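Q: Contents of start.pdb (PDB, C-alpha atoms):
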```pdb
ATOM      1  CA  MET U 440      78.641 -63.476  41.059
ATOM      2  CA  THR U 441      75.326 -63.763  42.903
ATOM      3  CA  PRO U 442      75.035 -61.790  46.165
ATOM      4  CA  ILE U 443      74.454 -64.253  49.001
ATOM      5  CA  PHE U 444      74.513 -62.087  52.138
ATOM      6  CA  ARG U 445      71.815 -59.843  53.544
ATOM      7  CA  PRO U 446      71.808 -57.255  56.329
ATOM      8  CA  GLY U 447      71.838 -59.006  59.686
ATOM      9  CA  ASP U 448      73.850 -62.004  58.457
ATOM     10  CA  ARG U 449      76.738 -62.976  60.731
ATOM     11  CA  VAL U 450      79.916 -63.459  58.737
ATOM     12  CA  ARG U 451      83.578 -64.190  59.301
ATOM     13  CA  VAL U 452      86.430 -62.658  57.321
ATOM     14  CA  ARG U 453      88.447 -65.411  55.675
ATOM     15  CA  ALA U 454      92.070 -65.680  56.778
ATOM     16  CA  LEU U 455      93.460 -65.660  53.253
ATOM     17  CA  GLU U 456      97.027 -64.652  52.401
ATOM     18  CA  PRO U 457      96.760 -63.438  48.822
ATOM     19  CA  ALA U 458      99.827 -62.845  46.723
ATOM     20  CA  THR U 459      98.085 -60.012  44.908
ATOM     21  CA  HIS U 460      96.411 -56.706  45.637
ATOM     22  CA  CYS U 461      93.371 -56.854  47.907
ATOM     23  CA  ARG U 462      91.205 -54.449  49.887
ATOM     24  CA  THR U 463      90.802 -56.445  53.085
ATOM     25  CA  PRO U 464      92.848 -55.025  55.992
ATOM     26  CA  GLY U 465      95.079 -57.563  57.724
ATOM     27  CA  TYR U 466      93.703 -56.731  61.156
ATOM     28  CA  LEU U 467      90.233 -57.995  60.136
ATOM     29  CA  ARG U 468      91.339 -61.416  58.908
ATOM     30  CA  GLY U 469      89.522 -64.110  60.847
ATOM     31  CA  ARG U 470      87.251 -61.596  62.603
ATOM     32  CA  ARG U 471      83.516 -62.058  63.049
ATOM     33  CA  GLY U 472      81.091 -59.333  62.051
ATOM     34  CA  VAL U 473      77.542 -58.551  60.944
ATOM     35  CA  VAL U 474      76.511 -57.430  57.464
ATOM     36  CA  THR U 475      74.812 -54.040  57.775
ATOM     37  CA  ARG U 476      74.554 -52.925  54.156
ATOM     38  CA  VAL U 477      74.555 -54.441  50.670
ATOM     39  CA  LEU U 478      76.516 -52.061  48.438
ATOM     40  CA  GLY U 479      76.099 -53.602  44.971
ATOM     41  CA  THR U 480      78.641 -55.326  42.720
ATOM     42  CA  TYR U 481      81.968 -53.934  41.557
ATOM     43  CA  PRO U 482      84.843 -55.214  39.381
ATOM     44  CA  ASP U 483      87.294 -57.348  41.360
ATOM     45  CA  PRO U 484      90.103 -54.940  42.364
ATOM     46  CA  GLY U 485      92.752 -57.696  42.290
ATOM     47  CA  PRO U 486      92.714 -58.171  38.491
ATOM     48  CA  LEU U 487      92.102 -54.450  37.934
ATOM     49  CA  ALA U 488      95.377 -53.790  39.716
ATOM     50  CA  TYR U 489      97.169 -55.810  37.027
ATOM     51  CA  HIS U 490      95.526 -54.112  34.035
ATOM     52  CA  ARG U 491      92.899 -56.778  33.401
ATOM     53  CA  ARG U 492      89.843 -55.379  31.630
ATOM     54  CA  ASP U 493      86.342 -56.396  32.722
ATOM     55  CA  PRO U 494      87.143 -58.698  35.635
ATOM     56  CA  VAL U 495      84.323 -60.552  37.357
ATOM     57  CA  ARG U 496      82.036 -58.308  39.403
ATOM     58  CA  LEU U 497      81.919 -59.094  43.102
ATOM     59  CA  PRO U 498      79.210 -58.194  45.630
ATOM     60  CA  LEU U 499      80.415 -55.694  48.236
ATOM     61  CA  TYR U 500      79.088 -55.364  51.788
ATOM     62  CA  THR U 501      79.500 -53.082  54.775
ATOM     63  CA  VAL U 502      80.338 -55.334  57.725
ATOM     64  CA  ASP U 503      80.242 -54.040  61.301
ATOM     65  CA  PHE U 504      82.668 -55.404  63.872
ATOM     66  CA  ASP U 505      82.845 -55.255  67.653
ATOM     67  CA  TYR U 506      85.542 -52.666  68.405
ATOM     68  CA  ALA U 507      86.476 -54.186  71.764
ATOM     69  CA  ALA U 508      86.711 -57.699  70.297
ATOM     70  CA  VAL U 509      89.098 -56.516  67.571
ATOM     71  CA  TRP U 510      91.326 -54.170  69.579
ATOM     72  CA  GLY U 511      91.124 -55.639  73.079
ATOM     73  CA  ARG U 512      89.953 -52.399  74.662
ATOM     74  CA  ASP U 513      86.690 -50.528  74.796
ATOM     75  CA  ASP U 514      86.000 -47.203  73.072
ATOM     76  CA  PRO U 515      82.305 -46.403  73.508
ATOM     77  CA  GLY U 516      80.668 -44.546  70.676
ATOM     78  CA  VAL U 517      83.205 -45.718  68.072
ATOM     79  CA  ARG U 518      81.797 -47.762  65.196
ATOM     80  CA  LEU U 519      84.153 -50.173  63.442
ATOM     81  CA  ALA U 520      82.984 -51.124  59.963
ATOM     82  CA  ALA U 521      84.629 -52.106  56.694
ATOM     83  CA  ASP U 522      83.485 -52.552  53.094
ATOM     84  CA  LEU U 523      84.454 -56.088  52.116
ATOM     85  CA  TYR U 524      84.023 -58.199  48.983
ATOM     86  CA  GLN U 525      81.976 -61.397  49.088
ATOM     87  CA  THR U 526      84.964 -63.615  48.265
ATOM     88  CA  TRP U 527      86.472 -62.595  51.605
ATOM     89  CA  LEU U 528      83.422 -63.505  53.687
ATOM     90  CA  GLU U 529      81.934 -66.779  54.873
ATOM     91  CA  TYR U 530      78.641 -67.348  56.638
ATOM     92  CA  ASP U 531      79.205 -67.658  60.388
ATOM     93  CA  PRO U 532      75.915 -68.242  62.198
ATOM     94  CA  VAL U 533      75.702 -67.834  65.954
ATOM     95  CA  PRO U 534      76.302 -71.259  67.557
ATOM     96  CA  THR U 535      73.295 -72.671  69.393
ATOM     97  CA  ASP U 536      73.237 -74.764  72.568
ATOM     98  CA  ALA U 537      72.123 -77.857  70.604
ATOM     99  CA  ALA U 538      74.441 -80.807  71.058
TER     100      ALA U 538
ATOM    101  CA  MET L 658     102.500 -63.701  52.226
ATOM    102  CA  ALA L 659     103.313 -61.043  54.815
ATOM    103  CA  ARG L 660     101.193 -57.954  55.039
ATOM    104  CA  GLY L 661     102.259 -55.151  52.730
ATOM    105  CA  PRO L 662     103.897 -51.982  54.060
ATOM    106  CA  HIS L 663     100.616 -50.070  53.647
ATOM    107  CA  ASP L 664      98.589 -52.475  55.817
ATOM    108  CA  LEU L 665      99.197 -50.638  59.065
ATOM    109  CA  GLY L 666      96.015 -51.316  61.047
ATOM    110  CA  GLY L 667      97.022 -52.621  64.473
ATOM    111  CA  ARG L 668     100.749 -52.136  63.908
ATOM    112  CA  PRO L 669     102.866 -49.492  65.666
ATOM    113  CA  ALA L 670     103.358 -46.587  63.293
ATOM    114  CA  GLY L 671     104.123 -43.531  65.400
ATOM    115  CA  PRO L 672     102.002 -40.396  65.877
ATOM    116  CA  ILE L 673      99.748 -39.039  63.130
ATOM    117  CA  ASP L 674     100.401 -35.471  61.993
ATOM    118  CA  LEU L 675      96.957 -33.878  61.835
ATOM    119  CA  ALA L 676      98.157 -30.422  60.776
ATOM    120  CA  GLU L 677      96.506 -29.021  57.679
ATOM    121  CA  HIS L 678      98.810 -27.924  54.901
ATOM    122  CA  GLU L 679      98.412 -26.478  51.470
ATOM    123  CA  ARG L 680      99.596 -28.745  48.707
ATOM    124  CA  SER L 681     102.867 -27.792  47.115
ATOM    125  CA  LEU L 682     103.245 -27.383  43.343
ATOM    126  CA  PHE L 683     104.981 -30.755  43.272
ATOM    127  CA  GLU L 684     102.020 -32.390  45.011
ATOM    128  CA  GLN L 685      99.508 -30.693  42.713
ATOM    129  CA  ARG L 686     101.433 -31.840  39.641
ATOM    130  CA  VAL L 687     101.565 -35.433  40.873
ATOM    131  CA  ASP L 688      97.843 -35.288  41.606
ATOM    132  CA  ALA L 689      97.176 -33.960  38.088
ATOM    133  CA  MET L 690      99.224 -36.758  36.539
ATOM    134  CA  VAL L 691      97.301 -39.367  38.507
ATOM    135  CA  LYS L 692      93.967 -37.881  37.441
ATOM    136  CA  LEU L 693      95.022 -37.941  33.774
ATOM    137  CA  LEU L 694      96.549 -41.409  33.894
ATOM    138  CA  THR L 695      93.568 -42.962  35.717
ATOM    139  CA  HIS L 696      90.902 -41.174  33.662
ATOM    140  CA  PRO L 697      88.047 -43.631  32.945
ATOM    141  CA  THR L 698      88.210 -43.259  29.151
ATOM    142  CA  ARG L 699      91.488 -41.508  28.346
ATOM    143  CA  GLY L 700      93.653 -43.006  31.076
ATOM    144  CA  HIS L 701      96.017 -45.965  31.034
ATOM    145  CA  PHE L 702      95.653 -47.635  34.421
ATOM    146  CA  THR L 703      93.283 -47.760  37.377
ATOM    147  CA  VAL L 704      93.593 -46.482  40.925
ATOM    148  CA  ASP L 705      93.732 -50.184  41.813
ATOM    149  CA  ALA L 706      96.995 -50.445  39.862
ATOM    150  CA  LEU L 707      98.254 -47.299  41.582
ATOM    151  CA  ARG L 708      97.521 -48.841  44.987
ATOM    152  CA  ARG L 709      99.188 -52.118  43.958
ATOM    153  CA  ALA L 710     102.312 -50.306  42.833
ATOM    154  CA  ILE L 711     102.460 -48.362  46.120
ATOM    155  CA  GLU L 712     101.880 -51.550  48.129
ATOM    156  CA  SER L 713     104.842 -53.100  46.283
ATOM    157  CA  LEU L 714     107.287 -50.637  47.818
ATOM    158  CA  SER L 715     109.688 -51.954  50.413
ATOM    159  CA  GLU L 716     109.044 -51.188  54.086
ATOM    160  CA  ALA L 717     111.897 -48.673  54.027
ATOM    161  CA  GLN L 718     110.708 -46.907  50.882
ATOM    162  CA  TYR L 719     107.133 -46.731  52.165
ATOM    163  CA  ARG L 720     108.311 -45.229  55.443
ATOM    164  CA  GLU L 721     110.765 -42.733  53.948
ATOM    165  CA  LEU L 722     108.733 -41.400  51.022
ATOM    166  CA  GLY L 723     105.962 -38.867  51.492
ATOM    167  CA  TYR L 724     102.419 -39.539  50.304
ATOM    168  CA  TYR L 725     102.783 -37.898  46.869
ATOM    169  CA  GLU L 726     106.325 -39.179  46.498
ATOM    170  CA  ARG L 727     104.914 -42.699  46.785
ATOM    171  CA  TRP L 728     102.369 -41.807  44.084
ATOM    172  CA  LEU L 729     105.182 -40.585  41.824
ATOM    173  CA  VAL L 730     107.250 -43.750  42.287
ATOM    174  CA  ALA L 731     104.120 -45.764  41.471
ATOM    175  CA  ILE L 732     103.397 -43.652  38.365
ATOM    176  CA  ARG L 733     106.942 -44.162  37.124
ATOM    177  CA  ARG L 734     106.576 -47.925  37.437
ATOM    178  CA  LEU L 735     103.120 -48.025  35.821
ATOM    179  CA  VAL L 736     103.859 -45.827  32.786
ATOM    180  CA  VAL L 737     106.668 -48.225  31.934
ATOM    181  CA  GLU L 738     104.426 -51.253  32.580
ATOM    182  CA  CYS L 739     101.795 -49.813  30.257
ATOM    183  CA  GLY L 740     104.335 -49.146  27.516
ATOM    184  CA  LEU L 741     103.865 -45.369  27.548
ATOM    185  CA  VAL L 742     107.574 -44.691  28.046
ATOM    186  CA  THR L 743     110.639 -46.816  28.597
ATOM    187  CA  ASP L 744     113.027 -46.689  31.538
ATOM    188  CA  ALA L 745     115.684 -45.528  29.083
ATOM    189  CA  GLU L 746     113.535 -42.582  27.974
ATOM    190  CA  ILE L 747     112.911 -41.563  31.585
ATOM    191  CA  GLY L 748     116.608 -41.805  32.369
ATOM    192  CA  GLU L 749     117.555 -39.779  29.314
ATOM    193  CA  ARG L 750     115.032 -37.068  30.163
ATOM    194  CA  LEU L 751     116.268 -36.832  33.754
ATOM    195  CA  ALA L 752     119.851 -36.608  32.517
ATOM    196  CA  ARG L 753     118.944 -33.631  30.324
ATOM    197  CA  GLY L 754     117.547 -31.824  33.333
ATOM    198  CA  ALA L 755     114.324 -30.075  34.266
ATOM    199  CA  SER L 756     115.106 -26.904  32.321
ATOM    200  CA  ALA L 757     115.901 -28.642  29.063
ATOM    201  CA  ALA L 758     113.660 -27.929  26.102
ATOM    202  CA  PRO L 759     111.471 -30.847  24.965
ATOM    203  CA  PRO L 760     112.913 -32.830  22.050
ATOM    204  CA  ARG L 761     111.680 -31.854  18.599
TER     205      ARG L 761
END
```
Would you write the structure of this file as structure tokens?

A:
Amino acid sequence: MTPIFRPGDRVRVRALEPATHCRTPGYLRGRRGVVTRVLGTYPDPGPLAYHRRDPVRLPLYTVDFDYAAVWGRDDPGVRLAADLYQTWLEYDPVPTDAA
Amino acid sequence: MARGPHDLGGRPAGPIDLAEHERSLFEQRVDAMVKLLTHPTRGHFTVDALRRAIESLSEAQYRELGYYERWLVAIRRLVVECGLVTDAEIGERLARGASAAPPR
């Protein structure tokens, strides 16, 4: 799978409800964040969890989130970030004032 | 599908015990089994499978079992899944007891 995100890209975590193993915490579903690091590609953990050999490799990113936006309270100095696979992210550009 | 019992972020889960403790022999043995069974070339399943098996526990099991106890329950499920042993063999071995000599 081709990596499509770069550091600085605004993304949104997809609100998927998979029936299988995944590495995306529930509390981040639907949340907006910013890609801060491109980590390379790794075998999809979902199929690996069911003994599949050589599953498709997925790009993995560190995505930073706004702590206060996620938890509803401020905690200065705390960084909230998660390593998330590309299939869980969609591009979410900042809306402009254009009509 | 509802969030698994492991997916605790944002849910009430009581206080976290931050006390350091040395691992018991039981915990070290479970850790050794996991390292052998998930070995990249000589193992039989991945840590992803281990996580999946742990995430498949019920809410009650997840809450009541300790960390390494959850690993052991997962190992038991996965060694049967992978065809290494059967449930019957595990049951027979447990019935013979921990001090029994290995079968010839």

Q: The PyMOL selection byres ((chain L and resi 705) around 12) on the file shown: which residues, as a list of chain:residue names?

A: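 That selection, the PyMOL selection byres ((chain L and resi 705) around 12), comes back as U:Thr459, U:His460, U:Cys461, U:Arg462, U:Pro482, U:Asp483, U:Pro484, U:Gly485, U:Pro486, U:Leu487, U:Ala488, U:Tyr489, U:His490, U:Arg491, L:Val691, L:Thr695, L:His701, L:Phe702, L:Thr703, L:Val704, L:Ala706, L:Leu707, L:Arg708, L:Arg709, L:Ala710, L:Ile711, L:Glu712, L:Ala731, L:Leu735.
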
Q: Output C-alpha atoms for every residue in the selection just made, as an mmCIF file, in the frame of the given file.

A:
```cif
data_model
loop_
_atom_site.group_PDB
_atom_site.id
_atom_site.type_symbol
_atom_site.label_atom_id
_atom_site.label_comp_id
_atom_site.auth_asym_id
_atom_site.auth_seq_id
_atom_site.Cartn_x
_atom_site.Cartn_y
_atom_site.Cartn_z
ATOM 1 C CA THR U 459 98.085 -60.012 44.908
ATOM 2 C CA HIS U 460 96.411 -56.706 45.637
ATOM 3 C CA CYS U 461 93.371 -56.854 47.907
ATOM 4 C CA ARG U 462 91.205 -54.449 49.887
ATOM 5 C CA PRO U 482 84.843 -55.214 39.381
ATOM 6 C CA ASP U 483 87.294 -57.348 41.360
ATOM 7 C CA PRO U 484 90.103 -54.940 42.364
ATOM 8 C CA GLY U 485 92.752 -57.696 42.290
ATOM 9 C CA PRO U 486 92.714 -58.171 38.491
ATOM 10 C CA LEU U 487 92.102 -54.450 37.934
ATOM 11 C CA ALA U 488 95.377 -53.790 39.716
ATOM 12 C CA TYR U 489 97.169 -55.810 37.027
ATOM 13 C CA HIS U 490 95.526 -54.112 34.035
ATOM 14 C CA ARG U 491 92.899 -56.778 33.401
ATOM 15 C CA VAL L 691 97.301 -39.367 38.507
ATOM 16 C CA THR L 695 93.568 -42.962 35.717
ATOM 17 C CA HIS L 701 96.017 -45.965 31.034
ATOM 18 C CA PHE L 702 95.653 -47.635 34.421
ATOM 19 C CA THR L 703 93.283 -47.760 37.377
ATOM 20 C CA VAL L 704 93.593 -46.482 40.925
ATOM 21 C CA ALA L 706 96.995 -50.445 39.862
ATOM 22 C CA LEU L 707 98.254 -47.299 41.582
ATOM 23 C CA ARG L 708 97.521 -48.841 44.987
ATOM 24 C CA ARG L 709 99.188 -52.118 43.958
ATOM 25 C CA ALA L 710 102.312 -50.306 42.833
ATOM 26 C CA ILE L 711 102.460 -48.362 46.120
ATOM 27 C CA GLU L 712 101.880 -51.550 48.129
ATOM 28 C CA ALA L 731 104.120 -45.764 41.471
ATOM 29 C CA LEU L 735 103.120 -48.025 35.821
#
```

Q: Find, counting only C-alpha atoms, the residue in U:Pro498, U:Gly479, U:Gly469, U:Gly511 that gets nearest to chain L.

A: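 Of the candidates, the smallest distance to chain L is held by U:Gly511.
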
Q: Which residue out of U:Leu528, U:Leu467, U:Leu523, U:Val517 has the minimum interatomic distance to U:Leu499 when all atoms listed in the file are used?

A: U:Leu523

Q: Quick one: of U:Ala458, U:Ala507, U:Val502, U:Ala521, who's nearest to chain L, counting all atoms listed in the file?

A: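 Selected residue with least distance to chain L: U:Ala458.
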
Q: For U:Leu497, please output as a PyMOL selection string all residues within 7 Å (counting only C-alpha atoms; exclusion window: fewer than 5 positions along the same chain).

A: chain U and resi 440+480-483+524-525

Q: Please compute the atom CA of L:Arg733-atom CA of L:Ser681 distance, one decimal, in Å.

A: 19.6 Å

Q: Which of these, L:Glu738, L:Glu746, L:Glu716, L:Glu726, has the shortest distance to chain U once you count all atoms listed in the file?

A: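 The answer is L:Glu738, which sits nearest to chain U.
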
Q: Once the PyMOL selection byres ((chain U and resi 501) around 6) is applied to the coordinates I shared, what remains selected? I want it as a list in words.

A: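 Here the PyMOL selection byres ((chain U and resi 501) around 6) matches Val474, Thr475, Arg476, Tyr500, Val502, Ala521 and Asp522 of chain U.
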
Q: By how many Å are atom CA of L:Tyr724 and atom CA of L:Val687 apart?

A: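 It comes out at 10.3 Å.
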
Q: What does the distance between atom CA of L:Ala755 and atom CA of L:Trp728 come to in Å, to one decimal place?

A: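 Straight-line distance from atom CA of L:Ala755 to atom CA of L:Trp728 works out to 19.4 Å.
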
Q: Run through the PyMOL selection byres ((chain L and resi 658-675) around 9) on the given coordinates and return the selected residues as a list in words.

A: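 When the PyMOL selection byres ((chain L and resi 658-675) around 9) is applied, the selected residues are Glu456, Pro457, Ala458, Pro464, Gly465, Tyr466, Leu467 and Trp510 of chain U; Ala676, Glu677, Ile711, Glu712, Ser713, Leu714, Ser715, Glu716, Ala717, Tyr719 and Arg720 of chain L.
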
Q: May I ask which of the residues U:Leu455, U:Gly516, U:Trp527, U:Arg496 is the closest one to chain L, counting all atoms listed in the file?

A: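 Smallest separation from chain L among the options: U:Leu455.
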
Q: Under the rule that all atoms listed in the file are counted, which of L:Asp744, L:Val736, L:Met690, L:Phe683 is the nearest residue to chain U?

A: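 Checking each candidate against chain U, we get L:Val736 as the closest.
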
Q: What box, with edges along x, y and z, holds each listed atom of stretch 462-474 of chain U when 6 Å is added on every side, and can you state its centre and edge lengths in Å to one decimal, as AutoDock Vina command-line options?

A:
```
--center_x 85.8 --center_y -59.3 --center_z 56.5 --size_x 30.6 --size_y 21.7 --size_z 25.2
```
